[in-house]
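Remarks on the structure that follows.
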Amino acid sequence: MISLTTTVITITTPPTTQRNRKLRRISCNHKHDNATYVDNVNRRNVLLSLGGLYGATTTTTAPGLSAAQTTATDHPGGPVQPPDLTKCHLATDAALQNQVYCCPPYSVETTTQIYDFKLPDPSEPMRTRRPAHDYGQQNLEKYKAALTAMKGLPLDHPWNFFQQAQIHCAYCQGAYGQVGYPDVDIQVHQSFLFPPWHRFYMYFWERILGKLINDPTFALPFWQWDDPVGMQFPDIYLDPNSPLYDVHRNLNHYKTLMDFRYARGDPNPNSSDYPKIEGMNLHLINRIFREGLRTPSTFMGEPVVAGQVPRCPGQLQLLHDTIHQWSGPETSPFWDMGNFNTAARDPIFFGHHANVDRMWHLYRNFNGGNVEFKTKDWLDATFLFVDENNRVVSDSLDAEKMRYTYETEQLKWWNIPKSSTRSTKKTEEALSAKSVVPVFPFGPSARVLNTTIRALVSRPMPSRSNKDPVSEVLIIDDIRIGDEQQPVRFDVYVAKPIDGNKADLSDLGEFAGSYVRVPHGHGHGNATAYPQHCLLIGITCLIEDINAEGCESLIVSMVPRTGDITIGTVEIQLFNDAE
Ligand code: C2O
């Protein structure tokens, strides 16, 4: 098995000490053309690695218990530790609030040994993951054969399709308390553990499928929703007679364009609006990357340590959450894709997550192959999985090669002209005086988001220049959700104030991002205490895009879309280069 973990949230800890303040000195106008990109990828041999700075940290492991587990309580904080399989307990379906069983069919009673993760032999053939819309008939036949075999295994087999889906439930709906912190669940969303945990999950799932058809080159398709051709359900998942099919989806979304601003209940877009929506989708990905390359925690999620409840997902997860909500049904319990308890019961989950993983792969390549977080809290977080040899293996984030890659192609979202970045266009001269009103600061008290809230938010360093090694991050914090059983979304726009403090009511300004929540476990053993959530949005490049570098304040608009939401604080903080 592999391990990765999350952190504890201590309410008394000032948020600033929890935040990753590392900054990549990348200009907002930094450009890569695809030729350069492909060249970089080839030079790096297109291998994925996790970690990269440290060697293996665990050499011996007692049966069923890692060395780290034995010392967790001696060292509060530190990397999240793997679960104690003997303590797996009932989890919770977040939408139904009922207890569900998703423990694995193995434990120290049935498995005598946990192995350290070993990277595949470098001579092993490379697996090349291809886009789902261009997967190829031969690959599709292999995939169907492998899935059919997986679904045909005995229900208690660890490789059984349903058991594999249960792994996702266990790591996210509260089946495991953290070793040393039994009241804090292991939670692999809402933090910087999101990308690596899901990478390992895809990795083993792919290898098990390959094993089932004796094909060491078997590679997953990825749902390439970052390209207009992939902004819909890929055809390979739509044949009701195929093992890739799932009945629990939003049938209204078959053969329609996916809008990244979708909220539950939205009508399908008119086809005449497709080009505009495709453009806005591409622009959002562009924004997430440009800002995220400056501040890894806005892309990956905030750091967490053992014992903390993770609260702040990265933009990669938030975009992925929208696609979960768009794929799943619009009514409770939102099975399969719309509820993390059941999401992995739909084979499209694995196409979706292969693309999430690919986004991380691209991010790291754009970042020169640098490891995002050079701390042991990240590199040594540990999880457990069953491998393709049906052994339980354990690992930390090592600098090694996992023998898979992605077919590279043109990225439609990387070089987007600035002129296409505005979601709504309005020149100041065109404003009519009566739609312009003064806007006030958010204020010291929490506010219910039942109508658009506009707030004047001051910038900590209004004279910041391009050369300053800081990034500006909009932090919307102490977000409380009235009903955690329902999907949630609100959108955030940023505008340059008129005359220092006024806003044009007819123009929200630039779309900055969204808070999105798919029903899932909340990270406490005790269901009465939900954490307050937070949203981080990098706005350094956005400020340049709207020519607001010289402004003392910005107008931030929060638009409710679905769910009962209360917002505690809205501010802009500087994230500094800590190195
Ligand atoms: Cu673990 Cu798509 O979520």
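Ordering of the structure tokens sets the chain letters (A, B, ...), residue numbers begin anew at 1 in every chain, and ligands are numbered from 1 in the order given.
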
Dump as CSV the rows for residues of chain A within 7 Å of ligand 1: closest atom pair and distance in Å with one decimal, only C-alpha atoms and all ligand atoms counted, ordered by chain and rising residue number.
residue,atom,partner,partner_atom_place_in_ligand_line,distance
A:His168,CA,ligand 1,1 (Cu),6.2
A:Val188,CA,ligand 1,1 (Cu),6.8
A:His189,CA,ligand 1,1 (Cu),6.3
A:His198,CA,ligand 1,1 (Cu),6.5
A:His320,CA,ligand 1,2 (Cu),6.3
A:Asp321,CA,ligand 1,2 (Cu),6.6
A:His324,CA,ligand 1,2 (Cu),6.5
A:Phe340,CA,ligand 1,3 (O),6.2
A:Phe349,CA,ligand 1,2 (Cu),6.7
A:His353,CA,ligand 1,2 (Cu),6.2

A:Gly513 surroundings by only C-alpha atoms, 12 Å radius, close-in-sequence under 2 positions cut, as a short mmCIF file (atom, residue, chain, number, x, y, z; two decimals) with N, CA, C and O atoms, in the first residue's frame:
data_model
loop_
_atom_site.label_atom_id
_atom_site.label_comp_id
_atom_site.auth_asym_id
_atom_site.auth_seq_id
_atom_site.Cartn_x
_atom_site.Cartn_y
_atom_site.Cartn_z
N PHE A 260 -17.94 24.79 -17.02
CA PHE A 260 -17.23 24.75 -15.73
C PHE A 260 -17.90 25.63 -14.68
O PHE A 260 -17.53 25.61 -13.52
N ARG A 261 -18.89 26.43 -15.10
CA ARG A 261 -19.61 27.23 -14.09
C ARG A 261 -20.95 26.58 -13.74
O ARG A 261 -21.81 27.21 -13.13
N MET A 280 -14.58 30.29 -22.07
CA MET A 280 -14.52 30.58 -20.63
C MET A 280 -13.92 29.39 -19.88
O MET A 280 -13.18 29.56 -18.91
N ASN A 281 -14.25 28.18 -20.32
CA ASN A 281 -13.66 26.99 -19.68
C ASN A 281 -12.14 27.00 -19.84
O ASN A 281 -11.40 26.77 -18.88
N HIS A 283 -10.27 29.48 -20.42
CA HIS A 283 -9.70 30.60 -19.67
C HIS A 283 -9.57 30.26 -18.19
O HIS A 283 -8.59 30.64 -17.54
N LEU A 284 -10.53 29.55 -17.65
CA LEU A 284 -10.44 29.19 -16.23
C LEU A 284 -9.22 28.30 -15.99
O LEU A 284 -8.48 28.48 -15.02
N ILE A 285 -8.99 27.34 -16.86
CA ILE A 285 -7.82 26.47 -16.68
C ILE A 285 -6.53 27.29 -16.79
O ILE A 285 -5.60 27.14 -16.00
N ASN A 286 -6.52 28.18 -17.76
CA ASN A 286 -5.37 29.07 -17.91
C ASN A 286 -5.11 29.85 -16.62
O ASN A 286 -3.99 29.94 -16.14
N ARG A 287 -6.18 30.39 -16.05
CA ARG A 287 -6.03 31.17 -14.83
C ARG A 287 -5.52 30.30 -13.67
O ARG A 287 -4.64 30.68 -12.92
N ILE A 288 -6.11 29.11 -13.54
CA ILE A 288 -5.70 28.22 -12.45
C ILE A 288 -4.21 27.90 -12.55
O ILE A 288 -3.49 27.88 -11.54
N GLU A 291 -1.93 31.34 -11.96
CA GLU A 291 -1.85 31.71 -10.55
C GLU A 291 -1.20 30.59 -9.74
O GLU A 291 -0.42 30.82 -8.84
N THR A 298 -2.38 27.14 -3.85
CA THR A 298 -3.64 27.49 -4.50
C THR A 298 -4.00 26.48 -5.58
O THR A 298 -5.16 26.33 -5.93
N PHE A 299 -3.03 25.78 -6.09
CA PHE A 299 -3.30 24.76 -7.12
C PHE A 299 -3.54 23.39 -6.48
O PHE A 299 -4.51 22.71 -6.80
N GLY A 314 -7.40 22.93 -3.18
CA GLY A 314 -6.76 23.72 -4.23
C GLY A 314 -7.70 23.88 -5.41
O GLY A 314 -8.75 23.24 -5.51
N GLN A 315 -7.30 24.75 -6.33
CA GLN A 315 -8.14 25.01 -7.49
C GLN A 315 -8.28 23.77 -8.38
O GLN A 315 -9.29 23.60 -9.05
N LEU A 316 -7.26 22.92 -8.39
CA LEU A 316 -7.39 21.69 -9.18
C LEU A 316 -8.54 20.85 -8.65
O LEU A 316 -9.36 20.34 -9.41
N GLN A 317 -8.61 20.70 -7.33
CA GLN A 317 -9.71 19.93 -6.77
C GLN A 317 -11.06 20.62 -7.03
O GLN A 317 -12.06 19.95 -7.34
N LEU A 318 -11.10 21.94 -6.88
CA LEU A 318 -12.38 22.63 -7.03
C LEU A 318 -12.94 22.48 -8.45
O LEU A 318 -14.14 22.25 -8.63
N LEU A 319 -12.06 22.58 -9.44
CA LEU A 319 -12.53 22.35 -10.81
C LEU A 319 -13.02 20.91 -10.95
O LEU A 319 -14.07 20.64 -11.54
N THR A 322 -16.50 20.39 -9.61
CA THR A 322 -17.57 20.79 -10.54
C THR A 322 -17.89 19.65 -11.50
O THR A 322 -19.06 19.38 -11.79
N SER A 423 -14.59 37.92 -18.90
CA SER A 423 -15.83 37.18 -19.06
C SER A 423 -16.96 38.15 -19.41
O SER A 423 -17.88 37.83 -20.12
N VAL A 473 -3.18 36.64 -2.74
CA VAL A 473 -4.15 35.55 -2.68
C VAL A 473 -5.41 36.04 -1.98
O VAL A 473 -5.34 36.59 -0.87
N LEU A 474 -6.53 35.87 -2.65
CA LEU A 474 -7.81 36.20 -2.05
C LEU A 474 -8.21 35.02 -1.16
O LEU A 474 -8.24 33.88 -1.63
N ILE A 475 -8.49 35.31 0.10
CA ILE A 475 -8.82 34.24 1.04
C ILE A 475 -10.23 34.48 1.58
O ILE A 475 -10.48 35.47 2.27
N ILE A 476 -11.12 33.60 1.23
CA ILE A 476 -12.49 33.66 1.76
C ILE A 476 -12.56 32.54 2.79
O ILE A 476 -12.41 31.37 2.45
N ARG A 489 -22.12 25.59 -4.07
CA ARG A 489 -21.26 26.37 -4.97
C ARG A 489 -21.54 27.86 -4.83
O ARG A 489 -22.70 28.29 -4.73
N PHE A 490 -20.49 28.64 -4.79
CA PHE A 490 -20.63 30.07 -5.07
C PHE A 490 -19.46 30.52 -5.93
O PHE A 490 -18.40 29.90 -5.94
N ASP A 491 -19.71 31.59 -6.71
CA ASP A 491 -18.71 32.10 -7.65
C ASP A 491 -18.13 33.41 -7.14
O ASP A 491 -18.82 34.16 -6.44
N VAL A 492 -16.90 33.67 -7.54
CA VAL A 492 -16.21 34.87 -7.07
C VAL A 492 -15.70 35.67 -8.28
O VAL A 492 -15.08 35.10 -9.18
N TYR A 493 -16.00 36.95 -8.27
CA TYR A 493 -15.54 37.86 -9.32
C TYR A 493 -14.73 38.99 -8.67
O TYR A 493 -15.00 39.37 -7.53
N VAL A 494 -13.81 39.51 -9.44
CA VAL A 494 -12.99 40.62 -8.94
C VAL A 494 -13.03 41.74 -9.97
O VAL A 494 -12.88 41.50 -11.17
N GLY A 509 -17.32 41.98 -13.17
CA GLY A 509 -15.86 42.02 -13.36
C GLY A 509 -15.33 40.68 -13.81
O GLY A 509 -16.02 39.90 -14.46
N GLU A 510 -14.12 40.40 -13.42
CA GLU A 510 -13.42 39.21 -13.90
C GLU A 510 -13.79 38.00 -13.04
O GLU A 510 -13.73 38.06 -11.81
N PHE A 511 -14.13 36.89 -13.69
CA PHE A 511 -14.40 35.65 -12.96
C PHE A 511 -13.09 35.15 -12.36
O PHE A 511 -12.11 34.96 -13.08
N TYR A 515 -16.14 28.40 -5.11
CA TYR A 515 -16.09 27.39 -4.07
C TYR A 515 -17.11 26.32 -4.45
O TYR A 515 -18.27 26.63 -4.75
N VAL A 516 -16.67 25.07 -4.47
CA VAL A 516 -17.53 23.97 -4.88
C VAL A 516 -17.34 22.85 -3.87
O VAL A 516 -16.21 22.57 -3.44
N LEU A 535 -11.48 29.10 1.01
CA LEU A 535 -11.23 29.17 -0.43
C LEU A 535 -10.05 30.09 -0.66
O LEU A 535 -10.02 31.22 -0.16
N LEU A 536 -9.06 29.59 -1.40
CA LEU A 536 -7.89 30.39 -1.75
C LEU A 536 -7.91 30.61 -3.26
O LEU A 536 -8.00 29.65 -4.01
N ILE A 537 -7.81 31.86 -3.67
CA ILE A 537 -7.75 32.14 -5.11
C ILE A 537 -6.57 33.08 -5.36
O ILE A 537 -6.55 34.21 -4.86
N GLY A 538 -5.60 32.61 -6.11
CA GLY A 538 -4.50 33.50 -6.52
C GLY A 538 -5.04 34.57 -7.45
O GLY A 538 -5.82 34.28 -8.37
N ILE A 539 -4.68 35.84 -7.18
CA ILE A 539 -5.21 36.92 -8.03
C ILE A 539 -4.09 37.84 -8.54
O ILE A 539 -4.37 38.93 -9.04
N LEU A 542 -4.52 38.07 -12.26
CA LEU A 542 -5.82 38.69 -12.51
C LEU A 542 -5.73 40.21 -12.35
O LEU A 542 -6.26 40.99 -13.15
N VAL A 556 -14.71 42.73 -4.61
CA VAL A 556 -14.86 41.28 -4.68
C VAL A 556 -16.36 40.97 -4.59
O VAL A 556 -17.03 41.40 -3.64
N SER A 557 -16.88 40.25 -5.57
CA SER A 557 -18.30 39.89 -5.56
C SER A 557 -18.44 38.39 -5.39
O SER A 557 -17.77 37.61 -6.09
N MET A 558 -19.28 37.98 -4.45
CA MET A 558 -19.53 36.56 -4.20
C MET A 558 -20.97 36.27 -4.56
O MET A 558 -21.90 36.89 -4.02
N VAL A 559 -21.14 35.37 -5.51
CA VAL A 559 -22.46 35.12 -6.07
C VAL A 559 -22.93 33.72 -5.67
O VAL A 559 -22.29 32.73 -6.03
#

Taking only C-alpha atoms into account, produce a table as a Markdown table in which each residue of stretch 346-405 of chain A with an atom at most 9 Å from an atom of stretch 238-245 of chain A appears once, together with its shortest atom pair and the distance in Å to one decimal, ordered by chain and rising number.
| residue | atom | partner | partner_atom | distance |
| --- | --- | --- | --- | --- |
| A:Asp346 | CA | A:Tyr245 | CA | 7.4 |
| A:Pro347 | CA | A:Leu244 | CA | 5.4 |
| A:Ile348 | CA | A:Leu244 | CA | 7.1 |

| field | Nearest residue to A:Asp478 from the set A:Arg199, A:His361, A:Arg447, A:Arg249 (distances using only C-alpha atoms) | value |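 Residue with the minimum atom-to-atom distance to A:Asp478: A:Arg447.
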
| task | Work out how far apart atom CA of A:Phe117 and atom CA of A:Leu293 are and give it in Å to one decimal. | result | 29.2 Å

| message | Run DSSP on the backbone and tell me which residues of stretch 99-178 of chain A come out as strand (DSSP E or B); list them as JSON, numbers by chain. | response | {"A": [99, 100, 114, 115, 116, 127, 128, 129, 130, 131, 177, 178]}

| message | Give me, as a PyMOL selection string, all polymer residues having an atom no more than 10 Å from A:His133, counting only C-alpha atoms and skipping those fewer than 5 positions away in the same chain. | response | chain A and resi 221-224+229-230+232-237

| said: Residues within 10 Å of A:Phe218, please, as a list in words. Count only C-alpha atoms; anything in the same chain fewer than 6 positions from it doesn't count. | reply: Pro125, Met126, Arg127, Thr128, Arg129, Asn139, Lys142, Tyr143, Ala146, Glu206, Arg207, Ile208, Leu209, Gly210, Lys211 and Tyr404 of chain A

Would you export the selected residues with all heavy atoms as a tab-separated table (two decimals), in the first residue's frame, please?
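Written output follows (out-v4.tsv):
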chain	number	residue	atom	x	y	z
A	125	PRO	N	7.78	-1.88	-19.62
A	125	PRO	CA	7.29	-1.02	-20.71
A	125	PRO	C	6.50	0.16	-20.16
A	125	PRO	O	5.84	0.06	-19.13
A	125	PRO	CB	6.39	-1.96	-21.53
A	125	PRO	CG	6.17	-3.16	-20.71
A	125	PRO	CD	7.28	-3.25	-19.70
A	126	MET	N	6.57	1.26	-20.88
A	126	MET	CA	5.84	2.45	-20.50
A	126	MET	C	4.37	2.27	-20.86
A	126	MET	O	4.03	1.72	-21.89
A	126	MET	CB	6.42	3.65	-21.25
A	126	MET	CG	5.90	4.98	-20.78
A	126	MET	SD	6.40	5.34	-19.09
A	126	MET	CE	8.04	6.02	-19.37
A	127	ARG	N	3.52	2.74	-19.97
A	127	ARG	CA	2.08	2.76	-20.26
A	127	ARG	C	1.74	4.18	-20.71
A	127	ARG	O	2.03	5.13	-19.99
A	127	ARG	CB	1.28	2.44	-19.01
A	127	ARG	CG	1.57	1.08	-18.43
A	127	ARG	CD	1.03	0.98	-17.01
A	127	ARG	NE	1.55	-0.22	-16.35
A	127	ARG	CZ	0.91	-1.38	-16.29
A	127	ARG	NH1	-0.30	-1.49	-16.82
A	127	ARG	NH2	1.46	-2.40	-15.69
A	128	THR	N	1.15	4.31	-21.86
A	128	THR	CA	0.83	5.64	-22.37
A	128	THR	C	-0.67	5.87	-22.32
A	128	THR	O	-1.43	5.24	-23.05
A	128	THR	CB	1.34	5.81	-23.82
A	128	THR	OG1	2.74	5.55	-23.84
A	128	THR	CG2	1.08	7.22	-24.32
A	129	ARG	N	-1.07	6.74	-21.42
A	129	ARG	CA	-2.49	7.04	-21.28
A	129	ARG	C	-2.92	7.97	-22.40
A	129	ARG	O	-2.27	8.98	-22.67
A	129	ARG	CB	-2.74	7.69	-19.91
A	129	ARG	CG	-2.40	6.75	-18.76
A	129	ARG	CD	-2.68	7.39	-17.41
A	129	ARG	NE	-2.29	6.47	-16.31
A	129	ARG	CZ	-2.29	6.82	-15.03
A	129	ARG	NH1	-2.63	8.05	-14.66
A	129	ARG	NH2	-1.93	5.94	-14.10
A	139	ASN	N	-7.55	-0.49	-27.80
A	139	ASN	CA	-7.41	-0.17	-26.37
A	139	ASN	C	-8.75	-0.32	-25.66
A	139	ASN	O	-8.81	-0.80	-24.52
A	139	ASN	CB	-6.90	1.26	-26.20
A	139	ASN	CG	-5.45	1.39	-26.58
A	139	ASN	OD1	-4.68	0.44	-26.44
A	139	ASN	ND2	-5.07	2.56	-27.08
A	142	LYS	N	-9.52	-3.91	-24.90
A	142	LYS	CA	-8.73	-4.37	-23.75
A	142	LYS	C	-9.32	-3.86	-22.43
A	142	LYS	O	-9.40	-4.59	-21.44
A	142	LYS	CB	-7.30	-3.83	-23.84
A	142	LYS	CG	-6.42	-4.49	-24.86
A	142	LYS	CD	-5.02	-3.90	-24.70
A	142	LYS	CE	-4.11	-4.28	-25.85
A	142	LYS	NZ	-2.82	-3.57	-25.74
A	143	TYR	N	-9.70	-2.60	-22.46
A	143	TYR	CA	-10.23	-1.99	-21.25
A	143	TYR	C	-11.52	-2.70	-20.83
A	143	TYR	O	-11.73	-3.01	-19.65
A	143	TYR	CB	-10.46	-0.50	-21.50
A	143	TYR	CG	-10.70	0.35	-20.27
A	143	TYR	CD1	-10.42	-0.10	-18.98
A	143	TYR	CD2	-11.18	1.65	-20.40
A	143	TYR	CE1	-10.63	0.71	-17.87
A	143	TYR	CE2	-11.39	2.47	-19.30
A	143	TYR	CZ	-11.11	1.99	-18.04
A	143	TYR	OH	-11.32	2.80	-16.94
A	146	ALA	N	-10.72	-6.07	-19.38
A	146	ALA	CA	-10.14	-5.96	-18.03
A	146	ALA	C	-11.22	-5.60	-17.01
A	146	ALA	O	-11.29	-6.18	-15.92
A	146	ALA	CB	-9.03	-4.92	-18.04
A	206	GLU	N	-4.88	0.89	-12.51
A	206	GLU	CA	-4.42	0.63	-13.87
A	206	GLU	C	-3.59	-0.66	-13.93
A	206	GLU	O	-3.74	-1.48	-14.83
A	206	GLU	CB	-3.57	1.81	-14.33
A	206	GLU	CG	-2.91	1.71	-15.67
A	206	GLU	CD	-2.23	3.03	-16.02
A	206	GLU	OE1	-1.18	3.34	-15.43
A	206	GLU	OE2	-2.76	3.77	-16.85
A	207	ARG	N	-2.74	-0.85	-12.96
A	207	ARG	CA	-1.86	-2.02	-12.99
A	207	ARG	C	-2.64	-3.31	-12.71
A	207	ARG	O	-2.33	-4.36	-13.26
A	207	ARG	CB	-0.72	-1.84	-11.99
A	207	ARG	CG	0.20	-0.70	-12.39
A	207	ARG	CD	1.27	-0.43	-11.36
A	207	ARG	NE	2.31	-1.45	-11.37
A	207	ARG	CZ	3.38	-1.41	-12.14
A	207	ARG	NH1	3.56	-0.41	-12.98
A	207	ARG	NH2	4.28	-2.37	-12.08
A	208	ILE	N	-3.63	-3.19	-11.85
A	208	ILE	CA	-4.46	-4.38	-11.59
A	208	ILE	C	-5.22	-4.76	-12.86
A	208	ILE	O	-5.28	-5.93	-13.25
A	208	ILE	CB	-5.43	-4.10	-10.41
A	208	ILE	CG1	-4.63	-4.02	-9.10
A	208	ILE	CG2	-6.51	-5.18	-10.34
A	208	ILE	CD1	-5.42	-3.44	-7.92
A	209	LEU	N	-5.78	-3.76	-13.54
A	209	LEU	CA	-6.50	-4.05	-14.79
A	209	LEU	C	-5.56	-4.69	-15.80
A	209	LEU	O	-5.93	-5.66	-16.48
A	209	LEU	CB	-7.09	-2.76	-15.37
A	209	LEU	CG	-8.32	-2.21	-14.63
A	209	LEU	CD1	-8.61	-0.77	-15.06
A	209	LEU	CD2	-9.55	-3.09	-14.88
A	210	GLY	N	-4.35	-4.17	-15.93
A	210	GLY	CA	-3.38	-4.75	-16.86
A	210	GLY	C	-3.07	-6.19	-16.51
A	210	GLY	O	-2.98	-7.07	-17.38
A	211	LYS	N	-2.94	-6.43	-15.21
A	211	LYS	CA	-2.65	-7.78	-14.75
A	211	LYS	C	-3.79	-8.74	-15.13
A	211	LYS	O	-3.55	-9.88	-15.53
A	211	LYS	CB	-2.47	-7.75	-13.24
A	211	LYS	CG	-2.03	-9.05	-12.64
A	211	LYS	CD	-0.53	-9.07	-12.53
A	211	LYS	CE	-0.07	-10.30	-11.76
A	211	LYS	NZ	1.35	-10.21	-11.42
A	404	TYR	N	4.51	5.34	-16.22
A	404	TYR	CA	3.38	5.68	-17.09
A	404	TYR	C	3.58	7.11	-17.53
A	404	TYR	O	4.36	7.86	-16.94
A	404	TYR	CB	2.02	5.48	-16.41
A	404	TYR	CG	1.65	6.51	-15.37
A	404	TYR	CD1	0.91	7.64	-15.71
A	404	TYR	CD2	2.03	6.35	-14.06
A	404	TYR	CE1	0.57	8.58	-14.76
A	404	TYR	CE2	1.70	7.30	-13.11
A	404	TYR	CZ	0.97	8.41	-13.45
A	404	TYR	OH	0.64	9.35	-12.52

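Contact shell of A:Lys376 at 9 Å (only C-alpha atoms; same-chain neighbours under 4 positions omitted): Tyr54, Gly78, Pro79, Asp380 and Ala381 of chain A.
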
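One finds atom CA of A:Pro329 at 23.1 Å from atom CA of A:Gly174.
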
| How many Å lie between atom CA of A:Pro497 and atom CA of A:Asp545, rounded to one decimal? | 14.2 Å

| query | Which of stretch 280-481 of chain A counts as alpha helix (DSSP H) under DSSP, as number ranges by chain please? | reply | A: 280-292, 296-300, 315-327, 348-366, 376-379

Residues just named, written with C-alpha atoms as a tab-separated table (two decimals), in the first residue's frame:
chain	number	residue	atom	x	y	z
A	280	MET	CA	-14.52	30.58	-20.63
A	281	ASN	CA	-13.66	26.99	-19.68
A	282	LEU	CA	-10.24	27.28	-21.31
A	283	HIS	CA	-9.70	30.60	-19.67
A	284	LEU	CA	-10.44	29.19	-16.23
A	285	ILE	CA	-7.82	26.47	-16.68
A	286	ASN	CA	-5.37	29.07	-17.91
A	287	ARG	CA	-6.03	31.17	-14.83
A	288	ILE	CA	-5.70	28.22	-12.45
A	289	PHE	CA	-2.30	27.39	-13.93
A	290	ARG	CA	-0.95	30.93	-14.13
A	291	GLU	CA	-1.85	31.71	-10.55
A	292	GLY	CA	-1.09	28.22	-9.31
A	296	PRO	CA	1.46	25.77	-5.19
A	297	SER	CA	-1.07	25.64	-2.37
A	298	THR	CA	-3.64	27.49	-4.50
A	299	PHE	CA	-3.30	24.76	-7.12
A	300	MET	CA	-2.67	21.64	-5.03
A	315	GLN	CA	-8.14	25.01	-7.49
A	316	LEU	CA	-7.39	21.69	-9.18
A	317	GLN	CA	-9.71	19.93	-6.77
A	318	LEU	CA	-12.38	22.63	-7.03
A	319	LEU	CA	-12.53	22.35	-10.81
A	320	HIS	CA	-12.64	18.58	-10.43
A	321	ASP	CA	-15.51	18.94	-7.94
A	322	THR	CA	-17.57	20.79	-10.54
A	323	ILE	CA	-17.08	17.93	-12.97
A	324	HIS	CA	-18.20	15.44	-10.31
A	325	GLN	CA	-21.37	17.48	-9.77
A	326	TRP	CA	-21.98	17.86	-13.48
A	327	SER	CA	-21.61	14.10	-14.03
A	348	ILE	CA	-15.80	7.49	-15.70
A	349	PHE	CA	-14.34	8.43	-12.31
A	350	PHE	CA	-11.04	6.90	-13.41
A	351	GLY	CA	-11.07	8.78	-16.72
A	352	HIS	CA	-11.80	11.97	-14.80
A	353	HIS	CA	-9.01	11.37	-12.31
A	354	ALA	CA	-6.52	10.37	-14.97
A	355	ASN	CA	-7.03	13.87	-16.34
A	356	VAL	CA	-6.76	15.44	-12.89
A	357	ASP	CA	-3.46	13.58	-12.57
A	358	ARG	CA	-2.44	14.76	-16.02
A	359	MET	CA	-3.11	18.35	-14.95
A	360	TRP	CA	-0.70	17.85	-12.07
A	361	HIS	CA	1.80	16.24	-14.43
A	362	LEU	CA	1.57	19.30	-16.74
A	363	TYR	CA	1.82	21.65	-13.78
A	364	ARG	CA	5.02	20.04	-12.63
A	365	ASN	CA	6.49	20.16	-16.12
A	366	PHE	CA	5.65	23.84	-16.45
A	376	LYS	CA	8.28	15.91	4.98
A	377	ASP	CA	4.67	16.72	5.83
A	378	TRP	CA	3.97	16.19	2.17
A	379	LEU	CA	6.69	13.87	0.97

| query | Taking into account only C-alpha atoms, which residue in the set A:Tyr406, A:Phe334, A:Trp414, A:Phe442 is nearest to A:Leu456? | reply |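 Checking each candidate against A:Leu456, we get A:Phe442 as the closest.
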
| said: as an MDAnalysis selection string, please: the residues near stretch 567-576 of chain A (cut-off 10 Å, only C-alpha atoms, same-chain neighbours under 3 positions excluded). | reply: chainID A and resid 16 19:24 294:295 441:449 453 455:461 468:481 532:540 553:554 556 558 579

| note | Using only C-alpha atoms, the shortest atom-to-atom distance to A:His248 among A:Pro195, A:Pro228, A:Pro275, A:Pro333 belongs to A:Pro333
